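> Following this line is input11.cif, made up of mmCIF, C-alpha atoms:
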```
data_entry
loop_
_atom_site.label_atom_id
_atom_site.label_comp_id
_atom_site.auth_asym_id
_atom_site.auth_seq_id
_atom_site.Cartn_x
_atom_site.Cartn_y
_atom_site.Cartn_z
CA MET C 145 -173.98 132.09 88.20
CA THR C 146 -171.31 131.58 85.52
CA GLN C 147 -173.35 131.79 82.34
CA LEU C 148 -172.10 130.31 79.09
CA THR C 149 -172.30 132.65 76.12
CA PRO C 150 -174.32 131.58 73.07
CA ARG C 151 -171.05 131.13 71.17
CA ALA C 152 -169.69 128.81 73.88
CA LEU C 153 -172.93 126.88 74.01
CA GLY C 154 -172.87 126.54 70.25
CA ALA C 155 -169.38 125.10 70.46
CA LEU C 156 -170.48 122.53 73.00
CA ALA C 157 -173.44 121.65 70.82
CA ALA C 158 -171.19 121.23 67.81
CA LEU C 159 -168.92 118.88 69.74
CA SER C 160 -171.86 116.61 70.43
CA ILE C 161 -172.39 116.13 66.69
CA LEU C 162 -169.34 113.88 66.73
CA ALA C 163 -170.93 111.89 69.53
CA ALA C 164 -174.19 111.56 67.64
CA SER C 165 -172.53 110.38 64.45
CA LEU C 166 -170.17 107.95 66.18
CA GLY C 167 -172.92 106.23 68.11
CA ALA C 168 -174.62 105.91 71.47
CA ALA C 169 -171.38 105.09 73.27
CA PHE C 170 -170.33 108.71 72.93
CA SER C 171 -173.67 110.49 73.09
CA ALA C 172 -175.14 112.11 76.18
CA PRO C 173 -177.92 110.15 77.90
CA ALA C 174 -181.36 110.98 76.56
CA THR C 175 -182.84 111.16 80.06
CA ILE C 176 -181.60 111.39 83.61
CA ALA C 177 -183.44 108.67 85.51
CA GLY C 178 -184.95 109.31 88.91
CA GLY C 179 -184.55 113.07 89.09
CA LYS C 180 -183.01 114.64 92.14
CA ALA C 181 -185.17 115.36 95.15
CA LYS C 182 -183.07 118.34 96.06
CA GLU C 183 -182.45 121.58 94.16
CA ASP C 184 -180.28 124.16 95.93
CA GLY C 185 -181.40 122.73 99.26
CA PHE C 186 -185.11 122.71 98.39
CA GLN C 187 -187.10 119.63 99.40
CA THR C 188 -190.72 118.52 99.34
CA ALA C 189 -192.75 115.92 101.20
CA ALA C 190 -194.38 114.86 97.94
CA PRO C 191 -193.14 111.41 96.85
CA ASN C 192 -193.46 112.48 93.20
CA ALA C 193 -193.17 116.05 92.01
CA ILE C 194 -192.07 118.26 89.14
CA LEU C 195 -192.05 121.99 88.46
CA ILE C 196 -191.65 123.43 84.96
CA GLU C 197 -191.74 126.86 83.38
CA ALA C 198 -194.55 126.81 80.84
CA GLU C 199 -193.09 128.91 78.01
CA SER C 200 -189.76 127.15 77.59
CA GLY C 201 -190.57 123.86 79.30
CA THR C 202 -187.52 124.25 81.55
CA VAL C 203 -187.57 121.81 84.46
CA LEU C 204 -186.97 123.78 87.67
CA PHE C 205 -187.35 120.93 90.13
CA GLU C 206 -188.09 117.22 89.99
CA LYS C 207 -188.40 114.31 92.35
CA ASN C 208 -189.11 110.80 91.08
CA ALA C 209 -190.77 112.45 88.09
CA ASP C 210 -190.50 109.39 85.86
CA ALA C 211 -191.96 106.86 88.29
CA LEU C 212 -195.24 105.32 87.13
CA VAL C 213 -198.05 106.14 89.56
CA ALA C 214 -201.82 105.82 89.75
CA PRO C 215 -203.33 109.07 88.41
CA ALA C 216 -206.78 109.08 90.05
CA SER C 217 -208.77 112.01 88.62
CA LEU C 218 -205.65 113.54 87.11
CA ALA C 219 -206.40 111.15 84.24
CA LYS C 220 -209.30 113.45 83.39
CA LEU C 221 -206.75 115.84 81.87
CA MET C 222 -206.19 113.29 79.11
CA THR C 223 -209.93 112.75 78.77
CA ALA C 224 -210.49 116.48 78.36
CA GLU C 225 -207.62 116.88 75.89
CA THR C 226 -209.05 114.09 73.74
CA VAL C 227 -212.43 115.83 73.67
CA PHE C 228 -210.80 119.21 72.97
CA ASN C 229 -208.99 117.69 70.01
CA GLU C 230 -212.20 116.13 68.66
CA ILE C 231 -213.82 119.57 68.81
CA LYS C 232 -210.79 121.17 67.14
CA GLU C 233 -210.94 118.58 64.35
CA GLY C 234 -214.63 119.33 63.79
CA ASN C 235 -215.85 115.90 64.90
CA VAL C 236 -217.78 117.22 67.91
CA LYS C 237 -219.60 120.48 68.63
CA LEU C 238 -219.93 122.23 71.97
CA ASP C 239 -223.71 122.51 71.66
CA GLU C 240 -224.08 118.84 70.65
CA GLU C 241 -226.00 116.75 73.18
CA PHE C 242 -225.03 113.31 74.49
CA VAL C 243 -227.32 110.91 76.36
CA VAL C 244 -226.41 109.90 79.92
CA SER C 245 -226.53 106.10 79.74
CA GLU C 246 -227.49 103.85 82.62
CA ARG C 247 -223.85 102.75 82.81
CA ALA C 248 -222.62 106.33 83.06
CA TRP C 249 -225.23 107.10 85.71
CA ARG C 250 -224.57 104.00 87.82
CA LYS C 251 -220.77 104.06 87.56
CA GLY C 252 -220.24 107.81 87.68
CA GLY C 253 -223.50 109.43 88.74
CA ALA C 254 -225.41 109.86 91.98
CA PRO C 255 -225.52 106.11 92.86
CA SER C 256 -221.73 105.72 92.56
CA GLY C 257 -220.73 107.65 95.66
CA GLY C 258 -217.84 109.26 93.77
CA SER C 259 -217.37 112.69 92.24
CA THR C 260 -220.30 113.47 89.94
CA MET C 261 -222.07 116.31 88.18
CA PHE C 262 -225.44 114.66 89.02
CA ALA C 263 -226.58 114.31 85.43
CA PRO C 264 -229.98 112.52 85.42
CA ILE C 265 -230.16 109.09 83.82
CA HIS C 266 -231.24 109.12 80.14
CA SER C 267 -231.03 112.94 80.06
CA ARG C 268 -229.44 114.80 77.15
CA VAL C 269 -226.56 117.08 78.15
CA LYS C 270 -224.58 119.51 76.01
CA VAL C 271 -220.90 118.78 75.44
CA SER C 272 -220.02 122.18 76.91
CA ASP C 273 -221.82 121.30 80.16
CA LEU C 274 -220.26 117.84 80.25
CA LEU C 275 -216.80 119.33 79.86
CA GLN C 276 -217.40 121.78 82.69
CA GLY C 277 -218.82 118.99 84.79
CA ALA C 278 -215.66 116.95 84.20
CA ILE C 279 -213.24 119.85 84.67
CA ILE C 280 -214.78 121.85 87.52
CA GLN C 281 -216.79 119.20 89.36
CA SER C 282 -214.58 116.21 88.41
CA GLY C 283 -217.75 114.38 87.42
CA ASN C 284 -217.20 110.74 86.54
CA ASP C 285 -220.63 110.64 84.91
CA ALA C 286 -219.59 113.54 82.67
CA CYS C 287 -216.42 111.72 81.55
CA ILE C 288 -218.18 108.45 80.76
CA THR C 289 -220.96 110.26 78.89
CA LEU C 290 -218.40 112.14 76.81
CA ALA C 291 -216.53 108.91 76.10
CA GLU C 292 -219.66 107.05 75.02
CA GLY C 293 -220.99 109.96 73.00
CA ILE C 294 -217.77 110.40 71.04
CA ALA C 295 -216.59 106.82 70.55
CA GLY C 296 -219.67 104.68 71.16
CA ASN C 297 -218.30 103.13 74.34
CA GLU C 298 -215.64 103.91 76.93
CA GLU C 299 -213.24 101.21 75.72
CA ALA C 300 -213.11 102.72 72.24
CA PHE C 301 -212.62 106.19 73.73
CA VAL C 302 -209.71 104.91 75.81
CA ARG C 303 -208.03 103.84 72.59
CA LEU C 304 -208.44 107.42 71.37
CA MET C 305 -206.95 108.67 74.65
CA ASN C 306 -203.87 106.51 74.37
CA GLY C 307 -203.50 107.38 70.70
CA ARG C 308 -203.55 111.07 71.56
CA ALA C 309 -201.11 110.49 74.42
CA ARG C 310 -198.59 108.98 72.02
CA GLU C 311 -199.09 111.79 69.52
CA LEU C 312 -198.28 114.27 72.28
CA GLY C 313 -195.14 112.40 73.28
CA LEU C 314 -196.52 110.78 76.42
CA THR C 315 -194.69 107.51 75.91
CA GLN C 316 -194.88 106.06 79.43
CA SER C 317 -198.45 106.80 80.52
CA ASN C 318 -201.27 104.34 79.93
CA PHE C 319 -204.99 104.99 80.35
CA THR C 320 -207.66 102.35 80.86
CA ASN C 321 -210.71 104.50 81.57
CA SER C 322 -211.91 108.07 81.17
CA THR C 323 -212.37 108.80 84.88
CA GLY C 324 -209.18 107.79 86.65
CA LEU C 325 -211.04 105.24 88.76
CA PRO C 326 -208.62 102.60 90.15
CA ASP C 327 -207.16 100.13 87.69
CA PRO C 328 -203.77 98.39 88.09
CA GLU C 329 -202.96 98.99 84.43
CA GLN C 330 -203.64 102.73 84.54
CA ARG C 331 -200.41 104.58 85.21
CA VAL C 332 -198.86 107.98 84.48
CA THR C 333 -195.70 109.91 85.35
CA THR C 334 -195.63 113.36 86.88
CA ARG C 335 -193.33 114.53 84.09
CA GLU C 336 -195.84 113.53 81.42
CA LEU C 337 -198.73 115.10 83.36
CA ALA C 338 -196.79 118.38 83.36
CA LYS C 339 -196.18 118.02 79.62
CA LEU C 340 -199.89 117.37 79.07
CA ALA C 341 -200.88 120.40 81.15
CA ARG C 342 -198.47 122.60 79.21
CA HIS C 343 -199.98 121.38 75.95
CA ILE C 344 -203.54 122.09 77.12
CA ILE C 345 -202.62 125.60 78.28
CA HIS C 346 -200.89 126.50 75.01
CA THR C 347 -203.23 124.76 72.58
CA TYR C 348 -206.70 125.35 74.01
CA PRO C 349 -206.80 128.77 75.72
CA ASP C 350 -210.58 129.06 75.28
CA PHE C 351 -211.15 125.73 77.02
CA TYR C 352 -208.39 126.20 79.58
CA LYS C 353 -210.31 129.04 81.23
CA TRP C 354 -212.75 126.47 82.65
CA TYR C 355 -209.97 125.09 84.85
CA GLY C 356 -209.92 128.41 86.68
CA GLU C 357 -213.67 128.53 87.37
CA LYS C 358 -214.28 128.25 91.09
CA GLU C 359 -217.75 126.70 90.84
CA PHE C 360 -220.28 125.21 88.43
CA THR C 361 -224.01 124.69 88.82
CA PHE C 362 -225.77 121.93 86.94
CA ASN C 363 -229.20 120.40 87.52
CA LYS C 364 -229.65 123.14 90.17
CA ILE C 365 -226.78 121.66 92.17
CA ARG C 366 -223.88 124.03 92.87
CA GLN C 367 -220.44 122.48 93.38
CA LEU C 368 -217.05 124.09 94.05
CA ASN C 369 -213.83 123.46 92.19
CA ARG C 370 -211.63 121.15 94.30
CA ASN C 371 -208.36 122.87 93.31
CA PRO C 372 -207.09 124.54 96.53
CA LEU C 373 -204.61 126.76 94.65
CA LEU C 374 -207.45 128.85 93.19
CA ALA C 375 -208.22 130.33 96.62
CA MET C 376 -204.62 131.16 97.58
CA ASN C 377 -204.17 134.48 95.75
CA ILE C 378 -200.96 133.26 94.09
CA GLY C 379 -202.06 133.68 90.47
CA ALA C 380 -203.36 130.12 90.08
CA ASP C 381 -205.86 129.42 87.27
CA GLY C 382 -205.86 125.60 86.94
CA LEU C 383 -205.79 122.62 86.63
CA LYS C 384 -206.94 119.42 88.45
CA THR C 385 -206.84 117.44 91.69
CA GLY C 386 -207.08 113.70 92.22
CA PHE C 387 -207.38 111.18 95.03
CA THR C 388 -207.80 107.46 95.54
CA ASN C 389 -206.54 105.28 98.35
CA GLU C 390 -203.88 103.89 96.01
CA SER C 391 -202.69 107.17 94.50
CA GLY C 392 -202.88 109.39 97.56
CA TYR C 393 -203.57 113.08 97.07
CA GLY C 394 -202.35 114.53 93.78
CA LEU C 395 -202.57 117.84 91.94
CA VAL C 396 -201.63 119.39 88.62
CA GLY C 397 -201.61 123.15 89.05
CA SER C 398 -200.57 126.27 87.19
CA ALA C 399 -200.07 129.87 88.24
CA VAL C 400 -198.82 133.11 86.73
CA GLN C 401 -196.76 135.80 88.46
CA ASN C 402 -194.94 138.68 86.76
CA ASN C 403 -195.79 137.27 83.31
CA MET C 404 -194.16 133.94 84.16
CA ARG C 405 -196.30 130.79 84.20
CA LEU C 406 -195.25 127.73 86.19
CA ILE C 407 -196.78 124.26 86.19
CA VAL C 408 -196.52 122.03 89.26
CA VAL C 409 -197.41 118.37 89.65
CA VAL C 410 -197.42 116.53 92.99
CA ASN C 411 -198.67 113.05 93.79
CA GLY C 412 -198.78 110.55 96.63
CA LEU C 413 -199.40 112.96 99.50
CA LYS C 414 -201.18 111.85 102.67
CA THR C 415 -203.82 114.55 103.11
CA ALA C 416 -205.57 117.25 101.10
CA THR C 417 -203.95 119.88 103.32
CA GLU C 418 -200.48 118.50 102.68
CA ARG C 419 -201.21 118.45 98.95
CA ALA C 420 -202.18 122.12 98.97
CA ASP C 421 -199.24 123.18 101.13
CA GLU C 422 -196.62 121.32 99.11
CA ALA C 423 -197.94 122.53 95.76
CA ARG C 424 -197.90 126.12 96.97
CA LYS C 425 -194.42 125.72 98.44
CA ILE C 426 -193.04 124.35 95.17
CA LEU C 427 -194.63 127.17 93.16
CA ASN C 428 -193.21 129.79 95.51
CA PHE C 429 -189.79 128.18 95.19
CA GLY C 430 -190.00 128.60 91.43
CA PHE C 431 -191.32 132.14 91.38
CA ASN C 432 -188.82 133.39 93.95
CA GLY C 433 -185.73 131.45 92.94
CA PHE C 434 -185.44 131.52 89.14
CA GLU C 435 -185.00 133.93 86.27
CA SER C 436 -185.03 133.61 82.50
CA ARG C 437 -181.85 133.72 80.40
CA VAL C 438 -181.55 133.69 76.60
CA LEU C 439 -179.26 130.90 75.39
CA PHE C 440 -179.80 131.39 71.65
CA ALA C 441 -181.45 134.37 69.96
CA GLU C 442 -184.26 134.07 67.43
CA GLY C 443 -183.01 132.35 64.29
CA GLN C 444 -179.48 131.93 65.67
CA ARG C 445 -177.48 129.01 64.27
CA ILE C 446 -176.99 126.50 67.07
CA GLY C 447 -174.76 123.90 65.48
CA GLU C 448 -174.51 121.49 62.56
CA ALA C 449 -175.58 117.98 61.66
CA ARG C 450 -173.65 115.69 59.34
CA ALA C 451 -175.36 115.04 55.99
CA TYR C 452 -174.79 111.91 53.89
CA GLY C 453 -174.15 112.46 50.20
CA GLY C 454 -175.19 116.10 50.13
CA GLU C 455 -173.85 119.06 48.16
CA GLN C 456 -172.47 120.19 51.50
CA ARG C 457 -171.43 117.91 54.31
CA TYR C 458 -173.10 119.71 57.18
CA VAL C 459 -176.59 121.08 57.73
CA PRO C 460 -176.81 124.21 59.90
CA LEU C 461 -179.37 123.89 62.69
CA GLU C 462 -181.67 126.35 64.46
CA ALA C 463 -184.57 126.08 66.89
CA LEU C 464 -187.82 124.78 65.40
CA GLY C 465 -189.83 127.76 64.20
CA ARG C 466 -186.70 129.93 64.55
CA LYS C 467 -187.80 130.74 68.09
CA PRO C 468 -185.35 132.02 70.72
CA ILE C 469 -184.23 129.45 73.27
CA ARG C 470 -184.61 130.49 76.87
CA LEU C 471 -183.58 128.66 80.01
CA MET C 472 -184.76 129.24 83.56
CA VAL C 473 -181.74 129.36 85.87
CA PRO C 474 -181.46 129.78 89.66
CA LYS C 475 -180.83 133.33 90.78
CA ASN C 476 -177.23 133.60 91.98
CA GLY C 477 -176.77 129.89 91.21
CA THR C 478 -173.48 128.17 90.38
CA GLU C 479 -174.64 125.20 88.33
CA ARG C 480 -172.86 124.47 85.07
CA ILE C 481 -174.86 124.47 81.85
CA ILE C 482 -174.13 121.98 79.08
CA ALA C 483 -175.92 121.88 75.73
CA ARG C 484 -175.73 119.00 73.28
CA ILE C 485 -177.35 118.27 69.93
CA VAL C 486 -178.86 114.79 69.59
CA TYR C 487 -179.93 113.38 66.22
CA GLN C 488 -179.88 110.22 64.16
CA GLY C 489 -177.10 110.77 61.71
CA PRO C 490 -175.68 111.24 59.26
CA LEU C 491 -178.85 112.76 57.77
CA ASP C 492 -180.16 111.45 54.47
CA VAL C 493 -180.36 114.02 51.70
CA PRO C 494 -182.13 115.89 50.42
CA VAL C 495 -182.76 117.86 53.60
CA LYS C 496 -185.39 120.59 53.35
CA GLU C 497 -185.19 123.93 55.13
CA GLY C 498 -187.44 123.81 58.19
CA GLN C 499 -187.28 120.01 58.41
CA GLU C 500 -187.14 118.79 62.02
CA VAL C 501 -183.92 116.82 62.39
CA GLY C 502 -182.98 116.59 66.06
CA VAL C 503 -183.18 118.05 69.52
CA LEU C 504 -181.05 120.33 71.67
CA LYS C 505 -180.75 118.97 75.20
CA VAL C 506 -179.63 121.32 77.94
CA TRP C 507 -178.35 120.09 81.27
CA ARG C 508 -178.43 122.34 84.34
CA GLY C 509 -176.18 120.54 86.77
CA ASP C 510 -176.94 116.80 86.54
CA ASN C 511 -180.51 117.05 85.28
CA VAL C 512 -181.94 117.59 81.82
CA ALA C 513 -183.58 120.98 82.21
CA LEU C 514 -184.68 121.68 78.65
CA GLU C 515 -185.27 119.90 75.34
CA VAL C 516 -185.84 121.96 72.19
CA PRO C 517 -186.62 120.51 68.72
CA LEU C 518 -184.18 121.61 66.02
CA GLN C 519 -184.76 122.19 62.32
CA ALA C 520 -182.55 122.56 59.27
CA ALA C 521 -181.73 126.23 58.77
CA GLU C 522 -181.29 125.72 55.02
CA SER C 523 -181.86 123.05 52.39
CA VAL C 524 -179.15 120.59 51.37
CA PRO C 525 -179.77 118.83 48.03
CA ALA C 526 -178.16 115.56 47.01
CA GLY C 527 -174.56 115.94 45.91
CA PRO C 528 -172.74 114.48 42.89
CA LEU C 529 -172.05 110.77 42.60
CA HIS C 530 -168.43 111.01 43.76
CA ARG C 531 -169.53 112.81 46.96
CA ARG C 532 -172.02 110.07 47.76
CA ALA C 533 -169.37 107.43 47.13
CA MET C 534 -166.88 109.14 49.45
CA ASP C 535 -169.50 109.54 52.17
CA GLY C 536 -170.45 105.88 51.76
CA LEU C 537 -166.86 104.81 52.37
CA ALA C 538 -166.60 107.13 55.36
CA GLU C 539 -169.76 105.65 56.86
CA LEU C 540 -168.49 102.10 56.22
CA PHE C 541 -165.22 102.72 58.04
CA GLY C 542 -167.10 104.62 60.74
CA GLY C 543 -169.32 101.57 61.25
CA TRP C 544 -166.26 99.35 61.70
CA PHE C 545 -164.86 101.86 64.18
CA ARG C 546 -168.10 101.92 66.18
CA ALA C 547 -168.24 98.12 66.19
CA GLY C 548 -164.70 98.00 67.58
CA LEU C 549 -165.59 100.47 70.31
CA GLN C 550 -168.62 98.39 71.31
CA LYS C 551 -166.42 95.31 71.66
CA LEU C 552 -164.05 97.27 73.86
#
```
Using structure tokens, write down the structure that the file contains.


Amino acid sequence: MTQLTPRALGALAALSILAASLGAAFSAPATIAGGKAKEDGFQTAAPNAILIEAESGTVLFEKNADALVAPASLAKLMTAETVFNEIKEGNVKLDEEFVVSERAWRKGGAPSGGSTMFAPIHSRVKVSDLLQGAIIQSGNDACITLAEGIAGNEEAFVRLMNGRARELGLTQSNFTNSTGLPDPEQRVTTRELAKLARHIIHTYPDFYKWYGEKEFTFNKIRQLNRNPLLAMNIGADGLKTGFTNESGYGLVGSAVQNNMRLIVVVNGLKTATERADEARKILNFGFNGFESRVLFAEGQRIGEARAYGGEQRYVPLEALGRKPIRLMVPKNGTERIIARIVYQGPLDVPVKEGQEVGVLKVWRGDNVALEVPLQAAESVPAGPLHRRAMDGLAELFGGWFRAGLQKL
């Protein structure tokens, strides 16, 4: 593969600053719609799929990753994350007990005929057991009980779910219940499920370990984890399966090999066997076909953003948290790599050091492979009056120029 040096990538990034300041007509597209179903000849039977590297978030493969689909029990990932966050915020305790209501028992318990942890009606169950019942046994009764215990009713909990989804950047997905049971308004994308899984893995390591448990016994009833990847000896330790007639067979999985963690999402498959085979095939494709490359070192200046009325006209940019930027690239691949800085500019001053001001988007071939938040590498205070006046005139004439381009 012909790899661009950090200096060359920085130059490309700097060029995009002109595009950002002149307007959308010049800027790179924020997303590449309908991701390719083929990556170096690799294909999958899954109608919707994505594979990402967990540390950097690099997209290794995608197929229809932005299509809205029915999530089935994959929605329980959002339910669990909402509960995890409530615990983290101190609003709920693991040893706290919630009552299994008649609604939770009838809709999600033994009488429902669906996946259940078999919690007895009107019994009191610890939050820790309910979480394991939802994660390992995919218990609908566990999810509804958690929802009612935290928010008073499931509808109010769903509002919490969607609020959390937006906070995490899941802008397309919409949840209407805590279980994933069929609802025409409940939709997700495989890309956002992968993003959610990555967040859970990084943010809640103590809770994430439950996704790797192969069985859970509650009320003297032993049930096995439905995730087929856990039995494949491929380093899998999570996350969740789902199925309804509408959604088909879906899976969000994660595995680690040679200190590299990958996250796979597939949906819409015809059988449980096909789901397991395709998920494993996609993971193997990632582990065998990619390697990590450093694009920018820790704290390295990546480019500049235009500042309006500042003591200096440009703000140097670096990765948020001064972290190194890594990209997963195909071994012996020939794809071109393009990096561009995207921000709303010019920036208003004062700009504080460490302030998040934009994003670095990296294309591998035709697809957006990586997005990294950028921060100001140093502070830029407001400049003298004459500087602000000159910048105001420049912005005025720039606005006329952009308007003329739009007419053209």

> To one decimal in Å, tell me the separation between CA of Glu197 in chain C and CA of Val501 in chain C.

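Going from CA of Glu197 in chain C over to CA of Val501 in chain C, I get 24.5 Å.
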
> Using all atoms listed in the file, which residues sit within 12 Å of Gln316 in chain C once same-chain residues fewer than 6 positions away are excluded, as a list of chain:residue names?

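Neighbouring residues, sequence-local ones excluded: C:Ala209, C:Asp210, C:Ala211, C:Leu212, C:Val213, C:Asn306, C:Ala309, C:Arg310, C:Glu329, C:Gln330, C:Arg331, C:Val332, C:Thr333, C:Thr334, C:Arg335, C:Glu336, C:Leu337.
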
> Tell me which protein, DNA and RNA residues are within 12 Å of Ile407 in chain C, counting only C-alpha atoms, leaving out same-chain ones fewer than 3 positions away, and put them as a ChimeraX atom specification.

/C:193-206,334-345,373,379-384,395-401,404,410,423-424,426-428,430-431

> Which is closer to Lys251 in chain C than all the others in C:Ala224, C:Leu325, C:Ala291, C:Ile279, using only C-alpha atoms?

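Once distances to Lys251 in chain C are computed over only C-alpha atoms, the minimum belongs to C:Leu325.
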
> What is the distance, in Å and to one decimal place, between CA of Ser322 in chain C and CA of Gly293 in chain C?

12.4 Å

> Using all atoms listed in the file, determine which residues lie at most 8 Å from Glu500 in chain C, disregarding the query and same-chain residues fewer than 2 positions distant; provide the list as a list in words.

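Skipping anything fewer than 2 positions along the chain leaves Leu464, Gly498, Gly502, Pro517, Leu518, Gln519 and Ala520 of chain C.
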
> Determine the nearest neighbour of Leu238 in chain C from the options C:Ser267, C:Gln276, C:Thr388, C:Thr223, counting only C-alpha atoms.

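When distances to Leu238 in chain C are compared using only C-alpha atoms, the smallest one comes from C:Gln276.
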
> Quick one: range 252-266 of chain C with N, CA and C atoms, as a PDB file, in the frame of the given file?


```pdb
ATOM      1  N   GLY C 252    -220.806 106.490  87.413  1.00  0.00           N
ATOM      2  CA  GLY C 252    -220.240 107.810  87.680  1.00  0.00           C
ATOM      3  C   GLY C 252    -221.211 108.830  88.218  1.00  0.00           C
ATOM      4  N   GLY C 253    -222.490 108.476  88.304  1.00  0.00           N
ATOM      5  CA  GLY C 253    -223.500 109.430  88.740  1.00  0.00           C
ATOM      6  C   GLY C 253    -223.817 109.333  90.224  1.00  0.00           C
ATOM      7  N   ALA C 254    -224.999 109.787  90.577  1.00  0.00           N
ATOM      8  CA  ALA C 254    -225.410 109.860  91.980  1.00  0.00           C
ATOM      9  C   ALA C 254    -225.283 108.529  92.724  1.00  0.00           C
ATOM     10  N   PRO C 255    -225.621 107.363  92.113  1.00  0.00           N
ATOM     11  CA  PRO C 255    -225.520 106.110  92.860  1.00  0.00           C
ATOM     12  C   PRO C 255    -224.098 105.651  93.142  1.00  0.00           C
ATOM     13  N   SER C 256    -223.096 106.240  92.480  1.00  0.00           N
ATOM     14  CA  SER C 256    -221.730 105.720  92.560  1.00  0.00           C
ATOM     15  C   SER C 256    -221.010 106.085  93.845  1.00  0.00           C
ATOM     16  N   GLY C 257    -221.415 107.190  94.449  1.00  0.00           N
ATOM     17  CA  GLY C 257    -220.730 107.650  95.660  1.00  0.00           C
ATOM     18  C   GLY C 257    -219.434 108.377  95.387  1.00  0.00           C
ATOM     19  N   GLY C 258    -219.059 108.530  94.121  1.00  0.00           N
ATOM     20  CA  GLY C 258    -217.840 109.260  93.770  1.00  0.00           C
ATOM     21  C   GLY C 258    -218.153 110.668  93.316  1.00  0.00           C
ATOM     22  N   SER C 259    -217.149 111.332  92.737  1.00  0.00           N
ATOM     23  CA  SER C 259    -217.370 112.690  92.240  1.00  0.00           C
ATOM     24  C   SER C 259    -218.289 112.639  91.020  1.00  0.00           C
ATOM     25  N   THR C 260    -219.279 113.516  90.985  1.00  0.00           N
ATOM     26  CA  THR C 260    -220.300 113.470  89.940  1.00  0.00           C
ATOM     27  C   THR C 260    -220.851 114.858  89.680  1.00  0.00           C
ATOM     28  N   MET C 261    -221.380 115.059  88.484  1.00  0.00           N
ATOM     29  CA  MET C 261    -222.070 116.310  88.180  1.00  0.00           C
ATOM     30  C   MET C 261    -223.583 116.152  88.346  1.00  0.00           C
ATOM     31  N   PHE C 262    -224.025 114.954  88.763  1.00  0.00           N
ATOM     32  CA  PHE C 262    -225.440 114.660  89.020  1.00  0.00           C
ATOM     33  C   PHE C 262    -226.292 114.830  87.765  1.00  0.00           C
ATOM     34  N   ALA C 263    -225.784 114.307  86.663  1.00  0.00           N
ATOM     35  CA  ALA C 263    -226.580 114.310  85.430  1.00  0.00           C
ATOM     36  C   ALA C 263    -227.633 113.208  85.521  1.00  0.00           C
ATOM     37  N   PRO C 264    -228.912 113.532  85.305  1.00  0.00           N
ATOM     38  CA  PRO C 264    -229.980 112.520  85.420  1.00  0.00           C
ATOM     39  C   PRO C 264    -229.846 111.420  84.374  1.00  0.00           C
ATOM     40  N   ILE C 265    -230.224 110.224  84.731  1.00  0.00           N
ATOM     41  CA  ILE C 265    -230.160 109.090  83.820  1.00  0.00           C
ATOM     42  C   ILE C 265    -231.051 109.348  82.610  1.00  0.00           C
ATOM     43  N   HIS C 266    -230.556 108.990  81.431  1.00  0.00           N
ATOM     44  CA  HIS C 266    -231.240 109.120  80.140  1.00  0.00           C
ATOM     45  C   HIS C 266    -231.474 110.580  79.726  1.00  0.00           C
TER      46      HIS C 266
END
```
